[in-house]
Every structure is written in structure tokens, then in C-alpha cells.
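Data file: start.cif. Format and content: mmCIF, C-alpha atoms.
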```cif
data_upload
loop_
_atom_site.label_atom_id
_atom_site.label_comp_id
_atom_site.auth_asym_id
_atom_site.auth_seq_id
_atom_site.Cartn_x
_atom_site.Cartn_y
_atom_site.Cartn_z
CA MET A 252 122.58 -8.17 -140.72
CA CYS A 253 119.57 -10.37 -141.04
CA VAL A 254 117.41 -10.11 -137.92
CA TYR A 255 114.56 -12.28 -139.09
CA PRO A 256 113.96 -15.84 -137.95
CA PHE A 257 113.27 -16.97 -141.49
CA ARG A 258 116.76 -16.19 -142.71
CA TYR A 259 116.49 -17.58 -146.18
CA ILE A 260 113.84 -14.98 -146.90
CA CYS A 261 116.08 -12.11 -145.89
CA GLU A 262 118.72 -13.12 -148.35
CA LYS A 263 116.34 -12.93 -151.25
CA GLN A 264 114.27 -9.91 -150.37
CA SER A 265 115.05 -6.36 -149.54
CA PRO A 266 113.00 -5.20 -146.59
CA SER A 267 114.02 -1.57 -147.25
CA LEU A 268 110.66 0.17 -147.46
CA PHE A 269 109.27 -1.59 -144.43
CA VAL A 270 112.35 -0.96 -142.33
CA GLU A 271 112.23 2.72 -143.23
CA SER A 272 108.74 2.91 -141.76
CA GLN A 273 108.97 4.86 -138.49
CA VAL A 274 105.90 3.09 -137.13
CA ILE A 275 107.47 -0.34 -137.59
CA LYS A 276 110.83 0.87 -136.28
CA GLN A 277 109.30 2.31 -133.14
CA PHE A 278 107.17 -0.78 -132.55
CA THR A 279 110.22 -3.04 -132.79
CA GLU A 280 112.28 -0.82 -130.49
CA GLU A 281 109.61 -0.87 -127.81
CA LEU A 282 109.69 -4.65 -127.67
CA ASP A 283 112.33 -6.32 -125.61
CA GLU A 284 114.19 -8.53 -128.08
CA ALA A 285 113.76 -11.56 -125.87
CA ASN A 286 110.01 -11.16 -126.05
CA VAL A 287 109.70 -11.17 -129.81
CA LEU A 288 107.97 -14.41 -130.76
CA VAL A 289 107.65 -13.79 -134.48
CA ASN A 290 109.41 -11.32 -136.72
CA PHE A 291 108.61 -12.16 -140.28
CA HIS A 292 109.24 -10.18 -143.38
CA GLY A 293 108.81 -11.72 -146.79
CA GLU A 294 106.50 -13.24 -149.30
CA VAL A 295 103.29 -14.90 -148.08
CA HIS A 296 101.61 -17.85 -149.73
CA GLU A 297 99.58 -20.72 -148.35
CA ASN A 298 102.50 -22.91 -147.28
CA ARG A 299 104.31 -20.00 -145.68
CA ILE A 300 101.17 -19.15 -143.68
CA SER A 301 101.03 -22.74 -142.41
CA GLU A 302 104.72 -22.59 -141.44
CA ILE A 303 104.34 -19.34 -139.52
CA LEU A 304 101.19 -20.52 -137.76
CA GLY A 305 102.81 -23.82 -136.79
CA ASP A 306 105.75 -21.89 -135.39
CA VAL A 307 103.49 -19.48 -133.47
CA GLU A 308 101.39 -22.28 -132.06
CA SER A 309 104.34 -24.17 -130.63
CA LYS A 310 105.88 -20.99 -129.22
CA LEU A 311 102.61 -19.97 -127.56
CA GLU A 312 102.20 -23.45 -126.11
CA SER A 313 105.60 -23.23 -124.46
CA THR A 314 105.43 -19.59 -123.27
CA GLU A 315 101.78 -18.86 -122.50
CA GLU A 316 100.25 -20.63 -119.51
CA ASP A 317 96.77 -19.22 -120.00
CA PHE A 318 95.19 -21.59 -122.49
CA LYS A 319 92.40 -19.17 -123.43
CA LYS A 320 94.87 -16.40 -124.14
CA GLN A 321 96.93 -18.85 -126.19
CA ARG A 322 93.94 -19.61 -128.35
CA LYS A 323 92.85 -15.99 -128.66
CA VAL A 324 96.28 -14.81 -129.80
CA TYR A 325 96.53 -17.73 -132.22
CA ASN A 326 93.09 -17.04 -133.65
CA ILE A 327 93.82 -13.37 -134.19
CA LEU A 328 97.09 -14.23 -135.91
CA VAL A 329 95.34 -16.68 -138.26
CA GLU A 330 92.92 -13.96 -139.25
CA THR A 331 95.61 -11.29 -139.51
CA LEU A 332 97.84 -13.44 -141.71
CA GLN A 333 95.05 -14.53 -143.99
CA ASN A 334 93.88 -10.94 -144.21
CA LEU A 335 97.40 -9.93 -145.26
CA TYR A 336 97.47 -12.74 -147.78
CA HIS A 337 94.14 -11.86 -149.36
CA HIS A 338 94.42 -8.09 -149.32
CA THR A 339 98.04 -7.21 -150.00
CA ASP A 340 98.38 -5.29 -153.23
CA THR A 341 101.49 -6.25 -155.13
CA LEU A 342 103.98 -3.64 -156.20
CA ALA A 343 104.48 -3.28 -159.94
CA ASN A 344 108.08 -4.50 -159.72
CA ALA A 345 107.50 -7.36 -157.27
CA ASP A 346 106.69 -10.09 -159.83
CA GLY A 347 103.26 -10.61 -158.28
CA LYS A 348 104.79 -11.47 -154.91
CA LYS A 349 102.87 -10.50 -151.82
CA VAL A 350 105.41 -9.09 -149.42
CA VAL A 351 104.34 -8.43 -145.84
CA THR A 352 105.67 -7.89 -142.35
CA LEU A 353 104.28 -9.61 -139.28
CA ILE A 354 105.62 -9.14 -135.76
CA LEU A 355 104.31 -10.71 -132.56
CA GLY A 356 105.74 -9.70 -129.22
CA LYS A 357 104.83 -10.08 -125.58
CA GLN A 358 104.93 -7.22 -123.10
CA GLU A 359 104.17 -8.55 -119.63
CA ASP A 360 100.63 -9.97 -119.89
CA GLU A 361 99.83 -8.31 -123.15
CA TYR A 362 100.56 -9.39 -126.70
CA ALA A 363 101.39 -6.83 -129.36
CA ILE A 364 100.93 -7.59 -133.04
CA LEU A 365 102.05 -5.55 -136.01
CA ALA A 366 101.03 -6.35 -139.56
CA ALA A 367 102.14 -4.33 -142.56
CA ASN A 368 101.49 -4.61 -146.26
CA TYR A 369 101.50 -2.54 -149.44
CA ILE A 370 98.27 -1.02 -150.53
CA ASP A 371 97.11 0.69 -153.70
CA LEU A 372 96.46 4.34 -152.78
CA ASP A 373 92.97 4.04 -154.27
CA ASN A 374 92.15 1.29 -151.77
CA ILE A 375 93.01 3.40 -148.73
CA PRO A 376 89.80 5.51 -148.42
CA PRO A 377 87.36 2.54 -148.32
CA LEU A 378 89.62 0.60 -145.93
CA LYS A 379 90.02 3.65 -143.69
CA ALA A 380 86.25 4.15 -143.64
CA LYS A 381 85.78 0.54 -142.58
CA LEU A 382 88.46 0.72 -139.85
CA ASP A 383 86.94 3.96 -138.52
CA LYS A 384 83.50 2.41 -138.45
CA ILE A 385 84.84 -0.60 -136.53
CA ASN A 386 86.64 1.69 -134.07
CA SER A 387 83.47 3.71 -133.47
CA LEU A 388 81.59 0.63 -132.23
CA ASP A 389 81.51 -0.87 -128.76
CA LYS A 390 81.41 -4.62 -128.03
CA ASP A 391 77.69 -5.03 -128.73
CA GLY A 392 77.87 -2.76 -131.77
CA LEU A 393 80.69 -4.87 -133.22
CA ARG A 394 78.70 -8.02 -132.66
CA ALA A 395 75.67 -6.55 -134.45
CA TYR A 396 77.88 -5.34 -137.32
CA TYR A 397 79.46 -8.82 -137.60
CA LYS A 398 76.03 -10.45 -137.81
CA GLU A 399 74.89 -7.93 -140.40
CA VAL A 400 77.90 -8.62 -142.65
CA LEU A 401 77.70 -12.38 -142.01
CA ASP A 402 74.16 -12.49 -143.35
CA ASN A 403 74.44 -9.91 -146.16
CA GLY A 404 74.72 -12.59 -148.85
CA GLN A 405 77.87 -11.07 -150.32
CA TYR A 406 80.89 -13.27 -150.91
CA SER A 407 84.42 -12.43 -151.80
CA VAL A 408 86.35 -14.92 -153.92
CA HIS A 409 87.86 -16.53 -150.85
CA GLY A 410 84.59 -16.54 -148.92
CA GLY A 411 85.41 -14.05 -146.19
CA GLY A 412 83.19 -11.30 -147.43
CA GLY A 413 84.47 -8.49 -145.25
CA LEU A 414 84.35 -10.16 -141.83
CA GLY A 415 88.10 -10.31 -141.15
CA MET A 416 88.74 -6.93 -139.55
CA ILE A 417 85.49 -7.02 -137.56
CA ASP A 418 86.46 -10.41 -136.17
CA ILE A 419 89.96 -9.22 -135.28
CA ALA A 420 88.52 -6.19 -133.45
CA ARG A 421 85.98 -8.35 -131.60
CA LYS A 422 88.55 -10.89 -130.47
CA SER A 423 91.26 -8.40 -129.52
CA GLY A 424 88.84 -6.32 -127.48
CA ASN A 425 90.87 -3.19 -128.31
CA LYS A 426 90.71 -0.44 -130.90
CA LEU A 427 92.52 -0.98 -134.19
CA ASP A 428 95.60 1.22 -134.35
CA TYR A 429 96.31 1.84 -138.02
CA HIS A 430 98.70 3.98 -140.06
CA PHE A 431 98.91 4.72 -143.74
CA SER A 432 101.94 6.24 -145.46
CA GLU A 433 102.74 6.94 -149.09
CA VAL A 434 105.50 4.95 -150.75
CA SER A 435 105.07 6.17 -154.32
CA ASP A 436 102.49 7.95 -156.49
CA THR A 437 100.36 4.84 -156.59
CA PHE A 438 101.32 2.77 -153.54
CA GLY A 439 101.22 3.16 -149.81
CA LEU A 440 102.13 1.16 -146.75
CA TYR A 441 99.38 0.04 -144.40
CA VAL A 442 100.44 -0.77 -140.86
CA LEU A 443 98.05 -2.25 -138.31
CA LYS A 444 98.92 -2.58 -134.63
CA LEU A 445 96.90 -4.72 -132.25
CA LYS A 446 96.95 -5.46 -128.56
CA VAL A 447 95.54 -8.65 -127.11
CA MET B 110 72.92 -42.07 -150.44
CA ASP B 111 76.71 -42.15 -149.94
CA PRO B 112 78.01 -40.68 -146.70
CA ILE B 113 80.65 -37.94 -146.61
CA LYS B 114 83.75 -38.91 -144.65
CA ILE B 115 86.58 -36.40 -144.55
CA GLU B 116 89.57 -36.72 -142.24
CA GLY B 117 90.60 -33.54 -140.45
CA THR B 118 93.82 -31.66 -141.24
CA PRO B 119 95.52 -28.80 -139.35
CA LYS B 120 93.43 -26.41 -141.47
CA THR B 121 90.20 -28.28 -142.19
CA PRO B 122 87.72 -30.13 -139.97
CA THR B 123 86.71 -33.77 -139.78
CA VAL B 124 83.37 -34.22 -141.52
CA HIS B 125 81.05 -37.15 -141.19
CA PHE B 126 77.61 -36.87 -142.82
CA ASP B 127 75.66 -40.12 -142.64
CA ALA B 128 72.23 -40.32 -144.28
CA GLU B 129 71.61 -43.80 -142.80
CA SER B 130 71.82 -42.63 -139.19
CA GLY B 131 70.72 -39.03 -139.85
CA VAL B 132 73.77 -37.71 -138.00
CA LEU B 133 75.86 -34.90 -139.52
CA GLU B 134 79.10 -33.94 -137.78
CA ILE B 135 81.73 -31.24 -138.31
CA LYS B 136 84.62 -31.31 -135.83
CA GLY B 137 87.98 -29.69 -135.35
CA ARG B 138 89.46 -26.59 -136.91
CA SER B 139 88.34 -24.75 -139.97
CA ILE B 140 90.95 -22.25 -141.11
CA PRO B 141 91.51 -22.84 -144.84
CA GLU B 142 92.50 -19.81 -146.97
CA ASN B 143 89.60 -20.64 -149.25
CA ALA B 144 86.69 -22.21 -147.40
CA VAL B 145 84.21 -22.07 -150.30
CA GLU B 146 85.95 -25.01 -152.01
CA PHE B 147 85.77 -27.10 -148.86
CA TYR B 148 82.16 -26.39 -147.90
CA LYS B 149 80.40 -26.44 -151.27
CA PRO B 150 80.20 -30.28 -151.47
CA LEU B 151 78.77 -30.34 -147.93
CA VAL B 152 76.02 -27.88 -148.85
CA ASP B 153 75.22 -29.85 -152.02
CA TRP B 154 75.05 -33.09 -150.03
CA ILE B 155 72.51 -31.59 -147.61
CA GLY B 156 70.35 -30.48 -150.54
CA ALA B 157 70.25 -34.04 -151.87
CA TYR B 158 69.78 -35.50 -148.38
CA GLY B 159 66.54 -33.51 -147.98
CA ASP B 160 64.77 -35.80 -150.45
CA SER B 161 65.51 -39.04 -148.62
CA ALA B 162 66.11 -37.85 -145.07
CA LYS B 163 65.36 -39.70 -141.84
CA PRO B 164 62.46 -38.31 -139.77
CA ASP B 165 65.02 -36.86 -137.35
CA THR B 166 68.41 -35.34 -138.12
CA THR B 167 71.05 -34.44 -135.56
CA VAL B 168 73.75 -31.96 -136.49
CA ASN B 169 76.82 -31.86 -134.25
CA ILE B 170 79.11 -28.89 -134.67
CA GLN B 171 82.22 -29.16 -132.52
CA LEU B 172 84.65 -26.57 -133.79
CA GLU B 173 87.71 -25.56 -131.88
CA TYR B 174 88.09 -22.50 -134.09
CA PHE B 175 87.07 -21.23 -137.50
CA ASN B 176 88.30 -18.31 -139.58
CA THR B 177 86.10 -15.70 -141.21
CA SER B 178 86.55 -17.35 -144.61
CA SER B 179 84.65 -20.29 -143.06
CA SER B 180 82.04 -18.13 -141.27
CA LYS B 181 79.82 -17.49 -144.28
CA CYS B 182 80.28 -21.07 -145.51
CA ILE B 183 79.10 -22.42 -142.17
CA LEU B 184 76.10 -20.08 -142.43
CA ASP B 185 75.44 -21.60 -145.87
CA VAL B 186 75.45 -25.08 -144.32
CA PHE B 187 72.88 -23.92 -141.75
CA LYS B 188 70.75 -22.17 -144.40
CA LYS B 189 70.71 -25.34 -146.46
CA LEU B 190 69.66 -27.29 -143.37
CA GLU B 191 66.93 -24.71 -142.78
CA SER B 192 65.67 -25.30 -146.33
CA VAL B 193 65.28 -29.06 -145.73
CA ASN B 194 63.93 -28.64 -142.19
CA GLY B 195 60.35 -29.87 -142.50
CA LYS B 196 61.30 -32.82 -144.67
CA THR B 197 63.24 -33.94 -141.60
CA ASN B 198 63.17 -32.68 -138.05
CA ILE B 199 66.57 -31.03 -137.49
CA ASN B 200 68.34 -30.32 -134.22
CA ILE B 201 71.68 -28.53 -134.08
CA ASN B 202 74.10 -29.16 -131.21
CA TRP B 203 76.68 -26.39 -131.00
CA HIS B 204 79.62 -27.55 -128.85
CA TYR B 205 82.08 -25.15 -127.31
CA GLU B 206 84.88 -25.52 -124.83
CA GLU B 207 84.38 -24.45 -121.25
CA ASP B 208 84.75 -20.65 -120.90
CA ASP B 209 85.36 -20.16 -124.62
CA GLU B 210 83.11 -17.12 -124.90
CA ASP B 211 84.14 -16.36 -128.48
CA MET B 212 82.88 -19.75 -129.62
CA LEU B 213 79.69 -19.55 -127.55
CA GLU B 214 78.95 -16.11 -129.04
CA ALA B 215 79.64 -17.43 -132.55
CA GLY B 216 77.01 -20.15 -131.97
CA GLU B 217 74.53 -17.60 -130.63
CA ASP B 218 75.09 -15.41 -133.69
CA TYR B 219 74.12 -18.30 -135.98
CA GLN B 220 71.21 -19.19 -133.74
CA ALA B 221 69.87 -15.64 -134.12
CA ILE B 222 69.91 -15.93 -137.93
CA ILE B 223 68.80 -19.54 -138.43
CA ASN B 224 65.33 -20.81 -137.70
CA ILE B 225 66.27 -24.26 -136.36
CA PRO B 226 66.55 -25.21 -132.67
CA PHE B 227 70.13 -24.82 -131.39
CA LYS B 228 71.41 -26.46 -128.26
CA MET B 229 74.55 -24.94 -126.74
CA ILE B 230 76.70 -27.64 -125.20
CA GLU B 231 79.64 -26.69 -122.99
CA MET B 232 82.44 -29.27 -122.93
CA GLU B 233 85.31 -29.60 -120.50
CA GLU B 234 87.78 -30.42 -123.21
CA MET B 235 87.30 -30.71 -126.96
#
```
Written as C-alpha cells, how would this file's structure read?
Amino acid sequence: MCVYPFRYICEKQSPSLFVESQVIKQFTEELDEANVLVNFHGEVHENRISEILGDVESKLESTEEDFKKQRKVYNILVETLQNLYHHTDTLANADGKKVVTLILGKQEDEYAILAANYIDLDNIPPLKAKLDKINSLDKDGLRAYYKEVLDNGQYSVHGGGGLGMIDIARKSGNKLDYHFSEVSDTFGLYVLKLKV
Amino acid sequence: MDPIKIEGTPKTPTVHFDAESGVLEIKGRSIPENAVEFYKPLVDWIGAYGDSAKPDTTVNIQLEYFNTSSSKCILDVFKKLESVNGKTNININWHYEEDDEDMLEAGEDYQAIINIPFKMIEMEEM
């Protein structure tokens, strides 16, 4: 049965590897179904990102009374989605499609976000080092690190230049809870959980 | 010199750069997937503006939110302004919504890097 709000995606794509992930399974089980605002699994591209963000924005406007929280959650989701879009490694058999999972749920006053994407095993060590560095810093340390990367003169093709995860950590105010698992000899699954 | 007039979209800000009045404004949201494309013409315009600038230039930044793809591009805009500061006397007004600490901090971060006077302006509603 298709449990995703974007049903047409489910029909075309097999979510098998993601669904088999214990981390994702557990995360979904802990959320009361009624409090799931977004449960997306499928290919991301620019139009799809706009669709999801539009959907999130209208849902937050109708369910979240605290305007500042509304904006914070929205901002973090923008960054998370664009991060997924720019950094997902495509599987050899996926025709260049970037397949990701994004879940947003609300537990009382707290929002829980899960983002998952495929990653080349070679890309795990540098990403892990960066996530560990971010997690080792307090609020002021994160701000200093952000400023350092902002002004380091290095640009990625899309202009972000390594600020995404630092920004997400700063805005969420919580540690980044990440998991890596191996899918094949060359690919792994990267799951990031956030609380806002 | 021709002004820049760009209407805002859900992902890109409204831009109004006017050499005649010496007022440069960026307002709204800036969350494009690729911000470099959007900001490069603005940076180029500022470079050209330096040669025929008014004695005083006011820069109004009133962003509701920007993504990290825009962060470095906005820094580039400020660095270009810094490079023409002297040919014209530049003042930057950084607007942020009441209690929006993230946006206030973002302005302070730029202020710490850029050697142009910044004025932080808190607004009730953007």
C-alpha cells in the first residue's frame, strides 16, 4: 500500500532500500500518524522542491500558531531539501535520478525531521568528519565556524560552499543525529534526524 | 546607467538598484537552488555603478529569509560595495523582523566581515 502523500511517485518508484532502514522505520513508528506533516519518498528536482515547500508552508500556517517556529521549521526544511538535492549521490541503476526520503512530524511542541539519501561510500568519511566537528561546537562556536566558512572564498557550483549543515545545526539548536549504513560495496544510506 | 528592476518570486527577492537616486534595495526571500546565477548581474552592476555613483548610496536589505546558497552571494554583493566605498559614501540598512534573532545574527555576521557602516533596523512586520 502506498503511504506517501505524493502517490504518483510511489507507483513509479520502489522505496525498498529506504523502507528496510531500521532508523527510518523506527522514526516513522514513533510519530503518531496524525502528526505527520510530510512523508515524501521519491525523486527530487527543482520543481518538486518547490511543490514540497509550498505544501509544508501551507500546512505549517494552518497547524503552527507560533509564527517564529513556523519560519524556523520552514527555513530548516528549505536547507535540508536543497542539501539533499545538491548532495545526493545517484545509484548506478537509477538513471541519474536523485531519490530521497523526507519526513516532517510534530511531537507536542517539537518538530522532528528525517532526511535520507544515498551516498557514495567514499564520501562518508569527509561528511562524518564535518558532522562531528559541527556537533562538537556550542552556539558561539557554530557561529564562528559559519563566519569562517562564509568568508573562506570557496564556492561550490551552486554557491553554498559548505554552509548548509552548519546553518541547519545553528537554526535547529540541537545536535545533528546521523546514521550511515552500507547498501552495497560502493553505496551507503545517509540518514539525518533533526529536532526543532 | 540603467537601473535593475527585478520582481520577486517565491524563491527570489525583489531587486531595485537605481543609480539616479543612489538607492539599492533587495527585499523578500532568497532561496534559489543556484544563487550564483541570480546575484552575478547585481555584483557586476555595482562594479559599474562605482564609476558614476552619487556622493551617497543607501543600501536597503530587507530579507525575510535566505538560504546558504545565497549567503556567499550576498557577501559578494557587500564585498563589491566595499570596493566602491570611497567613490561613494555607502550606508547599509539591514532590516529584520521583530524578534527574528536568526536574521539579526545573520546581519551581524556580515557586519563583522564588511568594512561599511551597518544599521540594524527592527521592523514590526516585513
Exactly which residues make up the result of the PyMOL selection byres ((chain A) within 9 of (chain B)) on this file, given as a PyMOL selection string?
-> chain A and resi 297+301+319+322-323+326+329-330+333+336-337+394-395+397-398+401-402+404+406-415+418+421-422
Please write as a ChimeraX atom specification the full residue list that the PyMOL selection byres ((chain B and resi 128-138) around 7) yields on this file.
-> /B:110,112,117,119-127,139-140,158,162-163,165-175
Given all atoms listed in the file as the counted atoms, nearest of A:Leu393, A:Ile419, A:Leu440, A:Val289 to Ile275 in chain A | A:Leu440
Go through B:Lys189, B:Tyr205, B:Leu151, B:Asp160 and flag the residue nearest Met235 in chain B, using all atoms listed in the file for the distances.
->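 Among B:Lys189, B:Tyr205, B:Leu151, B:Asp160, it is B:Tyr205 that comes nearest to Met235 in chain B.
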Separation of CA of Ser423 in chain A from CA of Ile327 in chain A in Å |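 Calculated distance between CA of Ile327 in chain A and CA of Ser423 in chain A is 7.3 Å.
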With a distance cut-off of 6 Å and only C-alpha atoms, select the neighbouring residues of Trp203 in chain B, excluding the residue or stretch itself and same-chain residues fewer than 4 positions from it, and output the selection as an mmCIF file with C-alpha atoms, in the coordinates of the input.
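selection.cif written:
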```
data_model
loop_
_atom_site.group_PDB
_atom_site.id
_atom_site.type_symbol
_atom_site.label_atom_id
_atom_site.label_comp_id
_atom_site.auth_asym_id
_atom_site.auth_seq_id
_atom_site.Cartn_x
_atom_site.Cartn_y
_atom_site.Cartn_z
ATOM 1 C CA ILE B 170 79.110 -28.890 -134.670
ATOM 2 C CA LYS B 228 71.410 -26.460 -128.260
ATOM 3 C CA MET B 229 74.550 -24.940 -126.740
ATOM 4 C CA ILE B 230 76.700 -27.640 -125.200
#
```
If you measure from CA of Thr352 in chain A to CA of Leu445 in chain A, what distance in Å do you get, rounded to one decimal?
-> 13.7 Å
Centre, x/y/z edge lengths, axis-aligned box for range 441-447 of chain A with 8 Å per side, as AutoDock Vina command-line options:
```
--center_x 98.0 --center_y -4.3 --center_z -135.8 --size_x 20.9 --size_y 24.7 --size_z 33.3
```
To verify the selection step, state as JSON, numbers by chain which residues the PyMOL selection byres ((chain A and resi 356) around 10) yields on this input.
-> {"A": [278, 279, 281, 282, 283, 284, 285, 286, 287, 288, 289, 290, 354, 355, 357, 358, 359, 361, 362, 363, 364, 365, 446]}
Would you mind telling me which residue in A:Gln273, A:Asp360, A:Asp436, A:Asp428 lies nearest to Thr314 in chain A when using all atoms listed in the file?
->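 Using all atoms listed in the file, Thr314 in chain A sits closest to A:Asp360.
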Suppose you want the space between CA of Val295 in chain A and CA of Ser432 in chain A; what is it in Å?
->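 Separation between CA of Val295 in chain A and CA of Ser432 in chain A: 21.3 Å.
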